[in-house]
Amino acid sequence: MTETVLKITDLQKNFGGVVATKDFCLEIEKNQIVGLIGPNGAGKTTIFNIITGIYTPTGGTVEFLGQDLVGKKPFQIAQAGIARTFQNIRLFNNLSVLDNVIIASHKECNYNVFSAMTHLGSYRKTEKAVREHAMELLEIVGLHDNPDQIADGLPYGHQRRLEIARALAINPGLLLLDEPAAGMNSEESADLCSFVFDLHEKFDLTIFLIEHHMDVVMRLCDSITVLNFGVTISQGTPEQVVADKHVIEAYLGEEK
């Protein structure tokens, strides 16, 4: 029996008189990789922002493993098990590669304020475990050779990997990837697909991604939802979606 990880029903978000997304519905089952595509301004990132608590929807519901997310703060949603990367990479640029992951890992810490101030009790044991876990994640994403390097000095592709490692540090049940292949060439995109597949298998992840590179979407996704002006115009397998005339019109323009 399949388990529904994310269920979105009749989601709507208005910004004043502008409807960013309307009557959006989606169900993602455990272990699926699901893509969300559409032209610029279609409302894709708005949906991610609603899921992660940055925006409150005008209407509709968002459920994660049966838990209602609407009205919860971003940190509460992260604690529930949803991690996210951003289209524009958001790292602690002046901190080391290792420290970027350690900061995210502290979600799992259970020592009290006294232990933290005195470095006694469970503090040392927990901090040692956090550091070891962070190094394990860096090894998985191929960044363990120089953990003390400042994040801002990493090549672009490695910054992407670091952001994903940081997201994995909270042990998510759902990983949201916002245009992970942005700025990559075809070879880098192919490497990214292999990398995401490896993470999907190793961590038993359910993944929801926004992507403009259709080669990435076609290779990665079990199913795809297509937005245009905030409205769903197609949903199905990658093969069904790319053959849909409504999708072709949205991307290429209607034939005259």
# chains A, B, ... in the order shown; residues from 1 in each chain; ligands from 1

$ residues_around --residues "Lys44 in chain A" --least-positions-apart "3" --cutoff "12 Å" --atoms "only C-alpha atoms" --output "MDAnalysis selection string"
chainID A and resid 13 20:22 24 35:41 47:51 87 176:179 208:212 225:232

$ closest_residue --among "A:Thr206, A:Gln240, A:Ser223, A:Gln79" --to "Ile170 in chain A" --atoms "only C-alpha atoms"
A:Gln79

$ residues_around --residues "Ile140 in chain A" --least-positions-apart "4" --cutoff "10 Å" --atoms "only C-alpha atoms" --output "PyMOL selection string"
chain A and resi 134-136+144+161+165+195+198-199+202

$ atom_distance --atom1 "CA of Arg160 in chain A" --atom2 "CA of Pro57 in chain A"
28.6 Å

$ select_by_dssp --residues "range 4-240 of chain A" --states "strand (DSSP E)" --output "CSV table (one decimal) with N, CA and C atoms, in the first residue's frame"
chain,number,residue,atom,x,y,z
A,4,THR,N,0.8,8.4,1.1
A,4,THR,CA,0.8,9.8,0.6
A,4,THR,C,1.7,10.7,1.5
A,5,VAL,N,2.7,11.2,0.9
A,5,VAL,CA,3.6,12.1,1.7
A,5,VAL,C,3.1,13.5,1.7
A,6,LEU,N,2.8,14.0,0.5
A,6,LEU,CA,2.3,15.4,0.4
A,6,LEU,C,1.0,15.4,-0.4
A,7,LYS,N,0.0,16.1,0.2
A,7,LYS,CA,-1.3,16.2,-0.4
A,7,LYS,C,-1.7,17.7,-0.4
A,8,ILE,N,-1.9,18.2,-1.6
A,8,ILE,CA,-2.3,19.6,-1.8
A,8,ILE,C,-3.7,19.7,-2.4
A,9,THR,N,-4.6,20.4,-1.9
A,9,THR,CA,-6.0,20.4,-2.4
A,9,THR,C,-6.4,21.8,-2.5
A,10,ASP,N,-6.9,22.2,-3.8
A,10,ASP,CA,-7.5,23.4,-4.1
A,10,ASP,C,-6.7,24.6,-3.6
A,11,LEU,N,-5.4,24.6,-3.8
A,11,LEU,CA,-4.5,25.6,-3.3
A,11,LEU,C,-4.7,26.9,-4.1
A,12,GLN,N,-4.8,28.0,-3.4
A,12,GLN,CA,-4.9,29.3,-4.1
A,12,GLN,C,-4.1,30.4,-3.3
A,13,LYS,N,-3.4,31.2,-4.1
A,13,LYS,CA,-2.6,32.3,-3.5
A,13,LYS,C,-2.8,33.6,-4.3
A,14,ASN,N,-3.4,34.6,-3.6
A,14,ASN,CA,-3.6,35.9,-4.3
A,14,ASN,C,-2.6,36.9,-3.7
A,15,PHE,N,-2.1,37.7,-4.5
A,15,PHE,CA,-1.3,38.9,-4.1
A,15,PHE,C,-2.1,40.1,-4.6
A,18,VAL,N,-3.9,40.0,-7.9
A,18,VAL,CA,-3.2,39.0,-8.8
A,18,VAL,C,-3.3,37.6,-8.2
A,19,VAL,N,-3.8,36.7,-9.0
A,19,VAL,CA,-3.9,35.3,-8.6
A,19,VAL,C,-2.6,34.6,-9.1
A,20,ALA,N,-1.8,34.2,-8.1
A,20,ALA,CA,-0.5,33.5,-8.4
A,20,ALA,C,-0.7,32.1,-8.7
A,21,THR,N,-1.6,31.4,-8.0
A,21,THR,CA,-1.9,30.0,-8.2
A,21,THR,C,-3.4,29.8,-7.9
A,22,LYS,N,-4.1,28.9,-8.6
A,22,LYS,CA,-5.5,28.8,-8.4
A,22,LYS,C,-5.9,27.3,-8.5
A,23,ASP,N,-6.6,26.8,-7.5
A,23,ASP,CA,-7.2,25.5,-7.4
A,23,ASP,C,-6.1,24.4,-7.7
A,24,PHE,N,-4.9,24.6,-7.2
A,24,PHE,CA,-3.8,23.6,-7.4
A,24,PHE,C,-4.0,22.4,-6.6
A,25,CYS,N,-4.0,21.2,-7.2
A,25,CYS,CA,-4.1,19.9,-6.5
A,25,CYS,C,-3.0,19.0,-6.9
A,26,LEU,N,-2.4,18.3,-5.9
A,26,LEU,CA,-1.3,17.4,-6.2
A,26,LEU,C,-1.2,16.4,-5.0
A,27,GLU,N,-0.9,15.1,-5.4
A,27,GLU,CA,-0.6,14.1,-4.4
A,27,GLU,C,0.7,13.5,-4.7
A,28,ILE,N,1.6,13.4,-3.8
A,28,ILE,CA,2.9,12.8,-4.0
A,28,ILE,C,3.1,11.6,-3.1
A,29,GLU,N,3.3,10.4,-3.7
A,29,GLU,CA,3.5,9.2,-2.9
A,29,GLU,C,4.9,9.0,-2.4
A,33,ILE,N,9.6,10.8,-7.4
A,33,ILE,CA,10.3,12.0,-7.8
A,33,ILE,C,9.3,12.7,-8.7
A,34,VAL,N,8.8,13.9,-8.3
A,34,VAL,CA,7.7,14.6,-9.0
A,34,VAL,C,8.2,15.9,-9.5
A,35,GLY,N,8.0,16.3,-10.7
A,35,GLY,CA,8.4,17.6,-11.2
A,35,GLY,C,7.3,18.6,-11.4
A,36,LEU,N,7.6,19.8,-11.2
A,36,LEU,CA,6.7,20.9,-11.4
A,36,LEU,C,7.3,21.9,-12.4
A,37,ILE,N,6.7,22.0,-13.6
A,37,ILE,CA,7.3,22.9,-14.6
A,37,ILE,C,6.3,23.9,-15.1
A,59,GLY,N,-6.4,30.2,0.1
A,59,GLY,CA,-7.3,29.1,0.3
A,59,GLY,C,-6.7,27.8,0.0
A,60,GLY,N,-7.4,26.7,0.4
A,60,GLY,CA,-6.9,25.3,0.2
A,60,GLY,C,-6.1,24.8,1.3
A,61,THR,N,-5.6,23.5,1.1
A,61,THR,CA,-4.9,22.8,2.2
A,61,THR,C,-3.6,22.2,1.7
A,62,VAL,N,-2.7,22.1,2.6
A,62,VAL,CA,-1.4,21.4,2.4
A,62,VAL,C,-1.2,20.4,3.5
A,63,GLU,N,-1.1,19.1,3.2
A,63,GLU,CA,-0.8,18.1,4.3
A,63,GLU,C,0.4,17.4,4.0
A,64,PHE,N,1.2,17.2,5.0
A,64,PHE,CA,2.5,16.4,5.0
A,64,PHE,C,2.3,15.2,5.9
A,67,GLN,N,-0.5,15.6,8.2
A,67,GLN,CA,-0.4,16.8,9.1
A,67,GLN,C,-0.7,18.1,8.4
A,68,ASP,N,-1.6,18.9,8.8
A,68,ASP,CA,-1.9,20.2,8.2
A,68,ASP,C,-0.8,21.1,8.4
A,82,ILE,N,10.4,18.5,6.2
A,82,ILE,CA,10.5,19.0,4.8
A,82,ILE,C,11.7,19.9,4.7
A,83,ALA,N,12.6,19.6,3.8
A,83,ALA,CA,13.8,20.4,3.5
A,83,ALA,C,13.7,21.0,2.1
A,84,ARG,N,14.5,22.0,1.9
A,84,ARG,CA,14.4,22.8,0.7
A,84,ARG,C,15.7,23.4,0.2
A,174,LEU,N,10.7,14.7,2.9
A,174,LEU,CA,10.4,15.3,1.6
A,174,LEU,C,11.4,16.3,1.3
A,175,LEU,N,12.1,16.2,0.2
A,175,LEU,CA,13.1,17.2,-0.3
A,175,LEU,C,12.5,18.0,-1.4
A,176,LEU,N,12.5,19.3,-1.3
A,176,LEU,CA,12.1,20.2,-2.4
A,176,LEU,C,13.3,20.8,-3.0
A,177,LEU,N,13.5,20.6,-4.3
A,177,LEU,CA,14.6,21.2,-5.1
A,177,LEU,C,14.1,22.2,-6.0
A,178,ASP,N,14.5,23.5,-5.8
A,178,ASP,CA,14.0,24.6,-6.7
A,178,ASP,C,15.1,24.9,-7.8
A,206,THR,N,11.6,11.1,-0.9
A,206,THR,CA,10.6,11.6,-1.7
A,206,THR,C,11.0,13.0,-2.2
A,207,ILE,N,11.0,13.3,-3.5
A,207,ILE,CA,11.5,14.5,-4.0
A,207,ILE,C,10.5,15.2,-4.9
A,208,PHE,N,10.3,16.5,-4.6
A,208,PHE,CA,9.5,17.4,-5.4
A,208,PHE,C,10.4,18.5,-6.0
A,209,LEU,N,10.4,18.6,-7.3
A,209,LEU,CA,11.4,19.6,-7.9
A,209,LEU,C,10.8,20.5,-8.9
A,210,ILE,N,11.3,21.7,-8.9
A,210,ILE,CA,11.0,22.6,-10.0
A,210,ILE,C,12.2,22.7,-10.9
A,223,SER,N,6.4,11.6,-12.4
A,223,SER,CA,5.3,12.3,-13.0
A,223,SER,C,5.6,13.8,-13.0
A,224,ILE,N,4.9,14.5,-13.8
A,224,ILE,CA,5.1,16.0,-13.9
A,224,ILE,C,3.8,16.7,-13.9
A,225,THR,N,3.8,17.8,-13.2
A,225,THR,CA,2.6,18.8,-13.2
A,225,THR,C,3.1,20.0,-13.9
A,226,VAL,N,2.2,20.5,-14.8
A,226,VAL,CA,2.6,21.7,-15.6
A,226,VAL,C,1.7,22.9,-15.2
A,227,LEU,N,2.3,24.0,-14.8
A,227,LEU,CA,1.5,25.2,-14.5
A,227,LEU,C,1.6,26.2,-15.6
A,228,ASN,N,0.6,27.0,-15.8
A,228,ASN,CA,0.6,28.2,-16.7
A,228,ASN,C,-0.3,29.2,-16.1
A,231,VAL,N,-2.4,28.1,-13.1
A,231,VAL,CA,-3.4,27.0,-13.3
A,231,VAL,C,-2.7,25.8,-13.9
A,232,THR,N,-3.1,24.6,-13.3
A,232,THR,CA,-2.6,23.3,-13.8
A,232,THR,C,-3.2,23.1,-15.2
A,233,ILE,N,-2.3,22.9,-16.2
A,233,ILE,CA,-2.8,22.6,-17.6
A,233,ILE,C,-2.5,21.2,-18.0
A,234,SER,N,-1.6,20.4,-17.2
A,234,SER,CA,-1.3,19.1,-17.6
A,234,SER,C,-0.7,18.4,-16.4
A,235,GLN,N,-1.0,17.1,-16.3
A,235,GLN,CA,-0.5,16.2,-15.2
A,235,GLN,C,-0.4,14.8,-15.8
A,236,GLY,N,0.8,14.2,-15.5
A,236,GLY,CA,0.9,12.8,-16.0
A,236,GLY,C,2.4,12.4,-16.0

$ select_by_dssp --residues "range 26-220 of chain A" --states "alpha helix (DSSP H)" --output "ChimeraX atom specification"
/A:44-51,74-80,97-105,113-118,123-140,156-168,186-202,214-220

$ write_last_selection --atoms "C-alpha atoms" --output "PDB file, in the first residue's frame"
ATOM      1  CA  LYS A  44       5.891  27.312  -9.280  1.00  0.00           C
ATOM      2  CA  THR A  45       8.023  28.921  -6.575  1.00  0.00           C
ATOM      3  CA  THR A  46       4.877  30.329  -4.970  1.00  0.00           C
ATOM      4  CA  ILE A  47       3.746  26.744  -4.368  1.00  0.00           C
ATOM      5  CA  PHE A  48       7.104  25.860  -2.790  1.00  0.00           C
ATOM      6  CA  ASN A  49       6.871  28.978  -0.623  1.00  0.00           C
ATOM      7  CA  ILE A  50       3.425  27.910   0.583  1.00  0.00           C
ATOM      8  CA  ILE A  51       4.549  24.365   1.362  1.00  0.00           C
ATOM      9  CA  PRO A  74       8.999  27.635   8.324  1.00  0.00           C
ATOM     10  CA  PHE A  75      11.045  26.208  11.228  1.00  0.00           C
ATOM     11  CA  GLN A  76       8.085  24.076  12.317  1.00  0.00           C
ATOM     12  CA  ILE A  77       7.712  22.704   8.798  1.00  0.00           C
ATOM     13  CA  ALA A  78      11.437  21.927   8.660  1.00  0.00           C
ATOM     14  CA  GLN A  79      11.148  20.157  12.015  1.00  0.00           C
ATOM     15  CA  ALA A  80       8.246  18.127  10.610  1.00  0.00           C
ATOM     16  CA  VAL A  97      31.660  23.988   4.175  1.00  0.00           C
ATOM     17  CA  LEU A  98      31.477  21.890   7.345  1.00  0.00           C
ATOM     18  CA  ASP A  99      29.899  24.626   9.457  1.00  0.00           C
ATOM     19  CA  ASN A 100      27.150  25.108   6.873  1.00  0.00           C
ATOM     20  CA  VAL A 101      26.071  21.503   7.395  1.00  0.00           C
ATOM     21  CA  ILE A 102      26.613  21.515  11.162  1.00  0.00           C
ATOM     22  CA  ILE A 103      24.260  24.483  11.597  1.00  0.00           C
ATOM     23  CA  ALA A 104      21.466  22.617   9.826  1.00  0.00           C
ATOM     24  CA  SER A 105      22.210  19.459  11.834  1.00  0.00           C
ATOM     25  CA  VAL A 113      20.946  25.620  27.652  1.00  0.00           C
ATOM     26  CA  PHE A 114      23.147  24.840  30.679  1.00  0.00           C
ATOM     27  CA  SER A 115      25.016  22.115  28.794  1.00  0.00           C
ATOM     28  CA  ALA A 116      25.501  24.435  25.832  1.00  0.00           C
ATOM     29  CA  MET A 117      26.897  27.233  28.014  1.00  0.00           C
ATOM     30  CA  THR A 118      29.197  25.028  30.076  1.00  0.00           C
ATOM     31  CA  TYR A 123      26.875  18.782  24.876  1.00  0.00           C
ATOM     32  CA  ARG A 124      30.232  17.243  23.967  1.00  0.00           C
ATOM     33  CA  LYS A 125      28.761  13.893  22.979  1.00  0.00           C
ATOM     34  CA  THR A 126      26.057  15.514  20.857  1.00  0.00           C
ATOM     35  CA  GLU A 127      28.407  17.956  19.166  1.00  0.00           C
ATOM     36  CA  LYS A 128      30.786  15.122  18.297  1.00  0.00           C
ATOM     37  CA  ALA A 129      27.900  13.164  16.744  1.00  0.00           C
ATOM     38  CA  VAL A 130      26.717  16.234  14.815  1.00  0.00           C
ATOM     39  CA  ARG A 131      30.189  16.835  13.400  1.00  0.00           C
ATOM     40  CA  GLU A 132      30.551  13.194  12.383  1.00  0.00           C
ATOM     41  CA  HIS A 133      27.129  13.221  10.705  1.00  0.00           C
ATOM     42  CA  ALA A 134      27.994  16.430   8.841  1.00  0.00           C
ATOM     43  CA  MET A 135      31.238  14.880   7.584  1.00  0.00           C
ATOM     44  CA  GLU A 136      29.340  11.791   6.418  1.00  0.00           C
ATOM     45  CA  LEU A 137      26.988  13.994   4.404  1.00  0.00           C
ATOM     46  CA  LEU A 138      29.907  15.902   2.896  1.00  0.00           C
ATOM     47  CA  GLU A 139      31.471  12.613   1.850  1.00  0.00           C
ATOM     48  CA  ILE A 140      28.213  11.535   0.206  1.00  0.00           C
ATOM     49  CA  TYR A 156      28.989  26.827  -8.518  1.00  0.00           C
ATOM     50  CA  GLY A 157      28.188  23.132  -8.886  1.00  0.00           C
ATOM     51  CA  HIS A 158      29.780  22.345  -5.525  1.00  0.00           C
ATOM     52  CA  GLN A 159      27.728  25.087  -3.886  1.00  0.00           C
ATOM     53  CA  ARG A 160      24.632  23.298  -5.201  1.00  0.00           C
ATOM     54  CA  ARG A 161      25.840  20.070  -3.648  1.00  0.00           C
ATOM     55  CA  LEU A 162      26.568  21.799  -0.350  1.00  0.00           C
ATOM     56  CA  GLU A 163      23.070  23.259  -0.256  1.00  0.00           C
ATOM     57  CA  ILE A 164      21.634  19.778  -0.791  1.00  0.00           C
ATOM     58  CA  ALA A 165      23.902  18.343   1.932  1.00  0.00           C
ATOM     59  CA  ARG A 166      22.629  21.007   4.291  1.00  0.00           C
ATOM     60  CA  ALA A 167      19.035  20.107   3.410  1.00  0.00           C
ATOM     61  CA  LEU A 168      19.760  16.427   4.061  1.00  0.00           C
ATOM     62  CA  SER A 186      24.343  19.550 -20.382  1.00  0.00           C
ATOM     63  CA  GLU A 187      27.222  17.555 -18.880  1.00  0.00           C
ATOM     64  CA  GLU A 188      26.726  19.100 -15.452  1.00  0.00           C
ATOM     65  CA  SER A 189      22.974  18.468 -15.695  1.00  0.00           C
ATOM     66  CA  ALA A 190      23.601  14.794 -16.465  1.00  0.00           C
ATOM     67  CA  ASP A 191      25.897  14.549 -13.433  1.00  0.00           C
ATOM     68  CA  LEU A 192      23.204  16.190 -11.329  1.00  0.00           C
ATOM     69  CA  CYS A 193      20.638  13.594 -12.414  1.00  0.00           C
ATOM     70  CA  SER A 194      22.938  10.761 -11.367  1.00  0.00           C
ATOM     71  CA  PHE A 195      23.617  12.543  -8.076  1.00  0.00           C
ATOM     72  CA  VAL A 196      19.901  13.023  -7.325  1.00  0.00           C
ATOM     73  CA  PHE A 197      19.132   9.401  -8.211  1.00  0.00           C
ATOM     74  CA  ASP A 198      21.875   8.269  -5.810  1.00  0.00           C
ATOM     75  CA  LEU A 199      20.466  10.412  -2.996  1.00  0.00           C
ATOM     76  CA  HIS A 200      16.935   9.224  -3.749  1.00  0.00           C
ATOM     77  CA  GLU A 201      18.015   5.626  -3.322  1.00  0.00           C
ATOM     78  CA  LYS A 202      20.431   6.042  -0.407  1.00  0.00           C
ATOM     79  CA  MET A 214      13.491  19.374 -19.684  1.00  0.00           C
ATOM     80  CA  ASP A 215      16.248  16.792 -20.080  1.00  0.00           C
ATOM     81  CA  VAL A 216      16.602  16.746 -16.292  1.00  0.00           C
ATOM     82  CA  VAL A 217      12.852  16.501 -15.736  1.00  0.00           C
ATOM     83  CA  MET A 218      12.453  13.717 -18.293  1.00  0.00           C
ATOM     84  CA  ARG A 219      15.281  11.679 -16.765  1.00  0.00           C
ATOM     85  CA  LEU A 220      14.380  12.156 -13.103  1.00  0.00           C
TER      86      LEU A 220
END

$ atom_distance --atom1 "CA of Thr2 in chain A" --atom2 "CA of Gln32 in chain A"
10.4 Å

$ closest_residue --among "A:Cys221, A:Leu154, A:Ala182, A:Met1" --to "Leu91 in chain A" --atoms "only C-alpha atoms"
A:Leu154
